[in-house]
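So this one's upload-v2.cif, mmCIF, C-alpha atoms:
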```cif
data_query
loop_
_atom_site.group_PDB
_atom_site.id
_atom_site.type_symbol
_atom_site.label_atom_id
_atom_site.label_comp_id
_atom_site.auth_asym_id
_atom_site.auth_seq_id
_atom_site.Cartn_x
_atom_site.Cartn_y
_atom_site.Cartn_z
ATOM 1 C CA MET A 67 23.069 -61.753 7.598
ATOM 2 C CA PRO A 68 20.360 -59.073 7.641
ATOM 3 C CA GLN A 69 16.887 -60.381 8.375
ATOM 4 C CA LEU A 70 13.849 -58.635 6.925
ATOM 5 C CA GLY A 71 10.833 -58.572 9.193
ATOM 6 C CA PHE A 72 7.600 -56.820 10.047
ATOM 7 C CA LYS A 73 6.676 -54.395 12.788
ATOM 8 C CA VAL A 74 2.933 -54.256 13.444
ATOM 9 C CA ASP A 75 1.535 -51.386 15.506
ATOM 10 C CA LEU A 76 -1.720 -52.862 16.759
ATOM 11 C CA SER A 77 -2.866 -49.507 18.124
ATOM 12 C CA ARG A 78 -2.887 -48.133 14.568
ATOM 13 C CA CYS A 79 -4.614 -51.030 12.782
ATOM 14 C CA VAL A 80 -8.315 -50.265 12.252
ATOM 15 C CA GLY A 81 -9.223 -53.600 10.659
ATOM 16 C CA CYS A 82 -9.900 -52.171 7.184
ATOM 17 C CA ARG A 83 -8.236 -55.179 5.525
ATOM 18 C CA ALA A 84 -6.585 -53.044 2.825
ATOM 19 C CA CYS A 85 -3.423 -55.084 3.467
ATOM 20 C CA GLU A 86 -5.289 -58.321 2.661
ATOM 21 C CA VAL A 87 -6.645 -56.868 -0.585
ATOM 22 C CA ALA A 88 -3.254 -55.467 -1.620
ATOM 23 C CA CYS A 89 -1.628 -58.836 -0.977
ATOM 24 C CA LYS A 90 -4.238 -60.727 -3.003
ATOM 25 C CA GLN A 91 -3.846 -58.233 -5.844
ATOM 26 C CA GLU A 92 -0.037 -58.274 -5.833
ATOM 27 C CA GLN A 93 0.289 -62.052 -5.517
ATOM 28 C CA ASN A 94 -2.729 -62.872 -7.706
ATOM 29 C CA THR A 95 -3.877 -65.593 -5.312
ATOM 30 C CA VAL A 96 -6.869 -67.796 -6.027
ATOM 31 C CA ARG A 97 -10.054 -67.757 -3.994
ATOM 32 C CA GLY A 98 -9.529 -69.243 -0.554
ATOM 33 C CA VAL A 99 -5.772 -68.584 -0.453
ATOM 34 C CA ARG A 100 -4.841 -65.660 1.785
ATOM 35 C CA PHE A 101 -1.208 -64.867 2.495
ATOM 36 C CA ARG A 102 -2.127 -61.981 4.825
ATOM 37 C CA GLN A 103 -5.048 -62.067 7.248
ATOM 38 C CA VAL A 104 -6.422 -59.582 9.728
ATOM 39 C CA CYS A 105 -7.374 -61.288 12.991
ATOM 40 C CA GLU A 106 -9.739 -59.686 15.502
ATOM 41 C CA ARG A 107 -9.485 -59.902 19.279
ATOM 42 C CA GLU A 108 -11.598 -58.360 22.021
ATOM 43 C CA GLY A 109 -10.312 -57.379 25.415
ATOM 44 C CA GLY A 110 -10.409 -54.823 28.149
ATOM 45 C CA GLN A 111 -13.094 -54.708 30.800
ATOM 46 C CA TYR A 112 -16.292 -52.817 31.298
ATOM 47 C CA PRO A 113 -16.608 -49.839 31.053
ATOM 48 C CA THR A 114 -13.626 -49.686 28.658
ATOM 49 C CA PRO A 115 -13.789 -52.665 26.313
ATOM 50 C CA LYS A 116 -11.194 -52.808 23.555
ATOM 51 C CA ARG A 117 -11.030 -54.329 20.113
ATOM 52 C CA LEU A 118 -7.716 -55.318 18.599
ATOM 53 C CA PHE A 119 -6.908 -56.055 14.965
ATOM 54 C CA ALA A 120 -3.693 -57.875 14.042
ATOM 55 C CA SER A 121 -2.451 -58.130 10.466
ATOM 56 C CA ILE A 122 -0.626 -61.455 10.161
ATOM 57 C CA SER A 123 1.260 -63.210 7.355
ATOM 58 C CA CYS A 124 4.330 -65.415 7.094
ATOM 59 C CA ASN A 125 6.822 -64.239 9.695
ATOM 60 C CA HIS A 126 9.916 -65.332 7.734
ATOM 61 C CA CYS A 127 11.206 -67.032 10.850
ATOM 62 C CA ALA A 128 14.858 -67.341 11.794
ATOM 63 C CA GLU A 129 14.262 -71.062 12.411
ATOM 64 C CA PRO A 130 11.285 -71.936 10.178
ATOM 65 C CA ALA A 131 9.451 -75.141 11.042
ATOM 66 C CA CYS A 132 8.134 -75.314 7.471
ATOM 67 C CA LEU A 133 11.655 -75.543 6.049
ATOM 68 C CA LYS A 134 12.554 -78.438 8.323
ATOM 69 C CA ALA A 135 9.314 -80.296 7.503
ATOM 70 C CA CYS A 136 9.521 -80.118 3.700
ATOM 71 C CA PRO A 137 10.514 -83.558 2.356
ATOM 72 C CA GLN A 138 11.272 -82.137 -1.112
ATOM 73 C CA GLY A 139 13.652 -79.381 -0.047
ATOM 74 C CA ALA A 140 11.298 -76.887 -1.706
ATOM 75 C CA ILE A 141 11.543 -74.352 1.126
ATOM 76 C CA ALA A 142 14.692 -72.324 1.681
ATOM 77 C CA LYS A 143 15.854 -69.165 3.456
ATOM 78 C CA ASP A 144 17.253 -66.437 1.243
ATOM 79 C CA PRO A 145 20.923 -66.154 2.274
ATOM 80 C CA ASN A 146 21.032 -62.363 1.952
ATOM 81 C CA PHE A 147 17.810 -61.233 3.643
ATOM 82 C CA GLY A 148 16.391 -64.266 5.473
ATOM 83 C CA LEU A 149 13.160 -64.555 3.500
ATOM 84 C CA VAL A 150 11.555 -67.993 3.662
ATOM 85 C CA LEU A 151 10.553 -68.930 0.105
ATOM 86 C CA ILE A 152 8.906 -71.949 -1.541
ATOM 87 C CA ASP A 153 10.299 -73.160 -4.865
ATOM 88 C CA GLN A 154 7.123 -73.970 -6.791
ATOM 89 C CA GLU A 155 9.066 -76.255 -9.150
ATOM 90 C CA LYS A 156 10.036 -78.521 -6.247
ATOM 91 C CA CYS A 157 6.800 -78.319 -4.223
ATOM 92 C CA VAL A 158 4.587 -81.414 -4.487
ATOM 93 C CA GLY A 159 1.739 -80.015 -2.375
ATOM 94 C CA CYS A 160 2.123 -82.506 0.482
ATOM 95 C CA ARG A 161 1.177 -79.759 2.986
ATOM 96 C CA TYR A 162 3.646 -80.901 5.641
ATOM 97 C CA CYS A 163 4.794 -77.276 5.908
ATOM 98 C CA ALA A 164 1.232 -76.118 6.563
ATOM 99 C CA GLY A 165 0.855 -78.733 9.277
ATOM 100 C CA VAL A 166 3.861 -77.585 11.278
ATOM 101 C CA CYS A 167 3.693 -73.808 10.856
ATOM 102 C CA PRO A 168 2.386 -72.392 14.156
ATOM 103 C CA TYR A 169 1.183 -69.237 12.345
ATOM 104 C CA GLY A 170 -0.865 -70.821 9.544
ATOM 105 C CA ALA A 171 1.231 -69.148 6.838
ATOM 106 C CA PRO A 172 1.514 -71.858 4.162
ATOM 107 C CA GLN A 173 -1.678 -72.071 2.120
ATOM 108 C CA TYR A 174 -2.649 -74.947 -0.182
ATOM 109 C CA ASN A 175 -3.691 -73.873 -3.675
ATOM 110 C CA ALA A 176 -6.104 -76.526 -4.972
ATOM 111 C CA SER A 177 -5.842 -75.116 -8.509
ATOM 112 C CA SER A 178 -2.088 -75.692 -8.773
ATOM 113 C CA GLY A 179 -1.799 -78.542 -6.269
ATOM 114 C CA LYS A 180 1.027 -76.624 -4.567
ATOM 115 C CA THR A 181 1.537 -74.888 -1.254
ATOM 116 C CA GLU A 182 2.184 -71.137 -1.318
ATOM 117 C CA LYS A 183 2.797 -68.379 1.197
ATOM 118 C CA CYS A 184 3.804 -64.757 1.631
ATOM 119 C CA THR A 185 7.053 -63.939 -0.150
ATOM 120 C CA LEU A 186 7.285 -60.485 1.443
ATOM 121 C CA CYS A 187 6.798 -59.281 -2.138
ATOM 122 C CA VAL A 188 10.352 -60.374 -2.946
ATOM 123 C CA SER A 189 10.111 -59.115 -6.549
ATOM 124 C CA ARG A 190 9.220 -55.617 -5.275
ATOM 125 C CA VAL A 191 11.487 -55.441 -2.236
ATOM 126 C CA LEU A 192 14.721 -57.009 -3.536
ATOM 127 C CA THR A 193 16.718 -56.508 -6.719
ATOM 128 C CA ALA A 194 16.513 -59.296 -9.336
ATOM 129 C CA ASP A 195 19.752 -60.856 -8.076
ATOM 130 C CA ARG A 196 18.472 -60.578 -4.461
ATOM 131 C CA THR A 197 21.578 -58.767 -3.233
ATOM 132 C CA ALA A 198 20.069 -55.387 -2.342
ATOM 133 C CA LEU A 199 16.858 -53.689 -1.301
ATOM 134 C CA THR A 200 15.034 -51.734 -4.027
ATOM 135 C CA GLY A 201 13.479 -49.158 -1.719
ATOM 136 C CA TRP A 202 9.982 -50.404 -2.535
ATOM 137 C CA GLN A 203 7.719 -51.684 0.235
ATOM 138 C CA PRO A 204 5.695 -54.909 0.269
ATOM 139 C CA ALA A 205 2.183 -54.298 -1.091
ATOM 140 C CA CYS A 206 0.607 -54.703 2.367
ATOM 141 C CA VAL A 207 2.919 -52.095 3.908
ATOM 142 C CA ALA A 208 2.525 -49.635 1.040
ATOM 143 C CA THR A 209 -1.276 -49.882 1.213
ATOM 144 C CA CYS A 210 -1.825 -49.726 4.984
ATOM 145 C CA ILE A 211 -3.916 -46.588 5.553
ATOM 146 C CA GLY A 212 -3.203 -46.501 9.290
ATOM 147 C CA LYS A 213 0.549 -46.991 8.856
ATOM 148 C CA ALA A 214 0.280 -49.974 11.166
ATOM 149 C CA LEU A 215 2.648 -52.143 9.095
ATOM 150 C CA GLU A 216 6.336 -51.469 8.683
ATOM 151 C CA LEU A 217 9.090 -53.382 6.894
ATOM 152 C CA VAL A 218 12.119 -53.689 9.171
ATOM 153 C CA PRO A 219 15.307 -54.081 7.094
ATOM 154 C CA ASP A 220 17.555 -55.357 9.890
ATOM 155 C CA PHE A 221 15.195 -57.209 12.183
ATOM 156 C CA THR A 222 16.267 -58.374 15.623
ATOM 157 C CA VAL A 223 14.104 -60.374 17.993
ATOM 158 C CA PRO A 224 12.023 -57.962 20.095
ATOM 159 C CA ALA A 225 11.790 -57.952 23.852
ATOM 160 C CA GLY A 226 8.076 -56.996 23.941
ATOM 161 C CA THR A 227 5.086 -59.202 24.422
ATOM 162 C CA ASP A 228 2.844 -60.759 21.804
ATOM 163 C CA PRO A 229 -0.939 -60.639 21.528
ATOM 164 C CA ALA A 230 -2.997 -63.475 22.996
ATOM 165 C CA ASN A 231 -2.970 -66.730 21.013
ATOM 166 C CA PHE A 232 0.282 -65.888 19.187
ATOM 167 C CA ALA A 233 2.461 -69.001 19.144
ATOM 168 C CA ASP A 234 5.475 -69.253 21.433
ATOM 169 C CA ARG A 235 8.372 -67.323 19.847
ATOM 170 C CA THR A 236 10.977 -69.851 20.935
ATOM 171 C CA MET A 237 9.541 -72.422 18.502
ATOM 172 C CA THR A 238 10.608 -70.656 15.284
ATOM 173 C CA LYS A 239 11.926 -67.173 16.186
ATOM 174 C CA PRO A 240 9.479 -65.238 13.971
ATOM 175 C CA SER A 241 10.594 -61.976 12.366
ATOM 176 C CA ILE A 242 7.681 -59.917 13.617
ATOM 177 C CA GLU A 243 7.344 -57.371 16.375
ATOM 178 C CA PHE A 244 4.054 -56.193 17.822
ATOM 179 C CA VAL A 245 3.581 -52.740 19.309
ATOM 180 C CA TRP A 246 0.491 -52.494 21.488
ATOM 181 C CA ASP A 247 -0.833 -51.157 24.772
ATOM 182 C CA TRP A 248 -3.232 -53.748 26.154
#
```

Structure re-expressed in C-alpha cells:
Amino acid sequence: MPQLGFKVDLSRCVGCRACEVACKQEQNTVRGVRFRQVCEREGGQYPTPKRLFASISCNHCAEPACLKACPQGAIAKDPNFGLVLIDQEKCVGCRYCAGVCPYGAPQYNASSGKTEKCTLCVSRVLTADRTALTGWQPACVATCIGKALELVPDFTVPAGTDPANFADRTMTKPSIEFVWDW
C-alpha cells in the first residue's frame, strides 16, 4: 500500500506561517483549532546562533496511536494511501485520540463537540473514490513560499534524525521526514 507523507526541509522554512493560514482557509477551522502549526526552536552556539522553524501537522502514522485509542471506531486509515481520517459522524468528542497522540495532531472543536485533525487535504489530493492522486497538492504545500514542504506519494521511513523534542518514531512510525543541518 502506498503511504502519503510529508518531507519538511527545515533549512528552507522561514517561519512565515503561510502554511498555517492556508490550512485554516482550506479546512475552514474555528478559532483555536489549528491542524498545522509552525514551531520555533533556537540552537547553535555563539557566535553562530541558529533559529529553526518546523511546520508540523498530523503525520498520518503507519501505526497511529489515535486509531487504537478511539472507543467509537471513528478513526481509520485509508486503505489506498494510508491517510488517518476521523469520521465525524462516529466521533463523540471524547478526546482520547488527542490524549495519546505524541504530536498533538487531534484538535477538539468546542463548536461541534468533535475532534478534528489534518486530512492532508484529502478532497484536493485524492479522487472522489480515493483510488488515485489528483495531482493537486495539500493547501500547506501549495502555499509554502520557501518550498519547505513536500508531499511524498510513496513515503518510506527515513533514516535521518529528527529535530529536538520530536516524539520517538518507534511509537507510531510517523510519515514525515525532516531535512536539516543542525

Report task. Quote the spacing between CA of Gln103 (chain A) and CA of Ala230 (chain A) in Å to one decimal place. Result -> 15.9 Å

Quick one: apply the PyMOL selection byres ((chain A and resi 72) around 6) to the file and drop the selected residues here as a PDB file with C-alpha atoms, in the coordinates of the input.
```pdb
ATOM      1  CA  GLY A  71      10.833 -58.572   9.193  1.00  0.00           C
ATOM      2  CA  LYS A  73       6.676 -54.395  12.788  1.00  0.00           C
ATOM      3  CA  GLU A 216       6.336 -51.469   8.683  1.00  0.00           C
ATOM      4  CA  LEU A 217       9.090 -53.382   6.894  1.00  0.00           C
ATOM      5  CA  VAL A 218      12.119 -53.689   9.171  1.00  0.00           C
ATOM      6  CA  ILE A 242       7.681 -59.917  13.617  1.00  0.00           C
TER       7      ILE A 242
END
```

Given the PyMOL selection byres ((chain A and resi 89) around 7), the residues it picks as a compact mmCIF listing (two decimals) with C-alpha atoms, keeping the file's coordinate frame:
```txt
# COMPACT_ATOMS: atom_id res chain seq x y z
CA CYS A 85 -3.42 -55.08 3.47
CA GLU A 86 -5.29 -58.32 2.66
CA VAL A 87 -6.64 -56.87 -0.58
CA ALA A 88 -3.25 -55.47 -1.62
CA LYS A 90 -4.24 -60.73 -3.00
CA GLN A 91 -3.85 -58.23 -5.84
CA GLU A 92 -0.04 -58.27 -5.83
CA GLN A 93 0.29 -62.05 -5.52
CA PHE A 101 -1.21 -64.87 2.50
CA ARG A 102 -2.13 -61.98 4.82
CA ALA A 205 2.18 -54.30 -1.09
CA CYS A 206 0.61 -54.70 2.37
```

**Report entry** Pick from A:Arg161, A:Arg196, A:Arg97, A:Lys213, whichever lies nearest to Leu149 (chain A) using all atoms listed in the file
**Finding:** A:Arg196

Could you spell out the hits of the PyMOL selection byres ((chain A and resi 77) around 9) on the shown file, as a PDB file with C-alpha atoms, keeping the file's coordinate frame?
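That gives us part.pdb:
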```pdb
ATOM      1  CA  VAL A  74       2.933 -54.256  13.444  1.00  0.00           C
ATOM      2  CA  ASP A  75       1.535 -51.386  15.506  1.00  0.00           C
ATOM      3  CA  LEU A  76      -1.720 -52.862  16.759  1.00  0.00           C
ATOM      4  CA  ARG A  78      -2.887 -48.133  14.568  1.00  0.00           C
ATOM      5  CA  CYS A  79      -4.614 -51.030  12.782  1.00  0.00           C
ATOM      6  CA  VAL A  80      -8.315 -50.265  12.252  1.00  0.00           C
ATOM      7  CA  LEU A 118      -7.716 -55.318  18.599  1.00  0.00           C
ATOM      8  CA  PHE A 119      -6.908 -56.055  14.965  1.00  0.00           C
ATOM      9  CA  ALA A 214       0.280 -49.974  11.166  1.00  0.00           C
ATOM     10  CA  VAL A 245       3.581 -52.740  19.309  1.00  0.00           C
ATOM     11  CA  TRP A 246       0.491 -52.494  21.488  1.00  0.00           C
ATOM     12  CA  ASP A 247      -0.833 -51.157  24.772  1.00  0.00           C
TER      13      ASP A 247
END
```

Report task. Can you work out which one of A:Pro240, A:Gly165, A:Pro113, A:Gly170 has the shortest atom-to-atom distance to Arg100 (chain A), counting all atoms listed in the file? Result ->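 Closest to Arg100 (chain A), using all atoms listed in the file: A:Gly170.
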
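Remark: for Thr185 (chain A), the closest of the candidate residues A:Phe147, A:Tyr169, A:Tyr162, A:Phe221 is A:Phe147 (distances computed over only C-alpha atoms).
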
**Report entry** Exercise: region 137-140 of chain A partners within 10 Å, only C-alpha atoms, chain neighbours under 6 positions left out, as a ChimeraX atom specification
**Finding:** /A:151-160,162-163,181

Query - For CA of Ile122 (chain A) and CA of Phe232 (chain A), the interatomic separation in Å (one decimal) - result: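 If I compute the distance from CA of Ile122 (chain A) to CA of Phe232 (chain A), I get 10.1 Å.
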
Query - CA of Thr238 (chain A) to CA of His126 (chain A), straight-line distance in Å - result: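 Computed distance, CA of His126 (chain A) to CA of Thr238 (chain A), equals 9.3 Å.
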
Query raised in the report: Which of these, A:Pro168, A:Pro224, A:Pro145, A:Pro204, has the shortest distance to Cys184 (chain A) once you count only C-alpha atoms?
Result: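 Once distances to Cys184 (chain A) are computed over only C-alpha atoms, the minimum belongs to A:Pro204.
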
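With all atoms listed in the file as the atoms that count, the residue of A:Val99, A:Ala120, A:Cys105, A:Met237 with the shortest distance to Cys132 (chain A) is A:Met237.
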
Report task. May I have the protein, DNA and RNA residues with an atom at most 12 Å from (10.7, -54.9, -6.3), counting only C-alpha atoms in the file's coordinates, returned as a list in words? Result -> Glu92, Thr185, Leu186, Cys187, Val188, Ser189, Arg190, Val191, Leu192, Thr193, Ala194, Asp195, Arg196, Thr197, Ala198, Leu199, Thr200, Gly201, Trp202, Gln203, Pro204 and Ala205 of chain A

Query raised in the report: Between A:Ala176, A:Met67, A:Glu182, A:Phe244, which one has atoms that come closest to Asn146 (chain A), using only C-alpha atoms?
Result: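 Ranking A:Ala176, A:Met67, A:Glu182, A:Phe244 by distance to Asn146 (chain A), first place goes to A:Met67.
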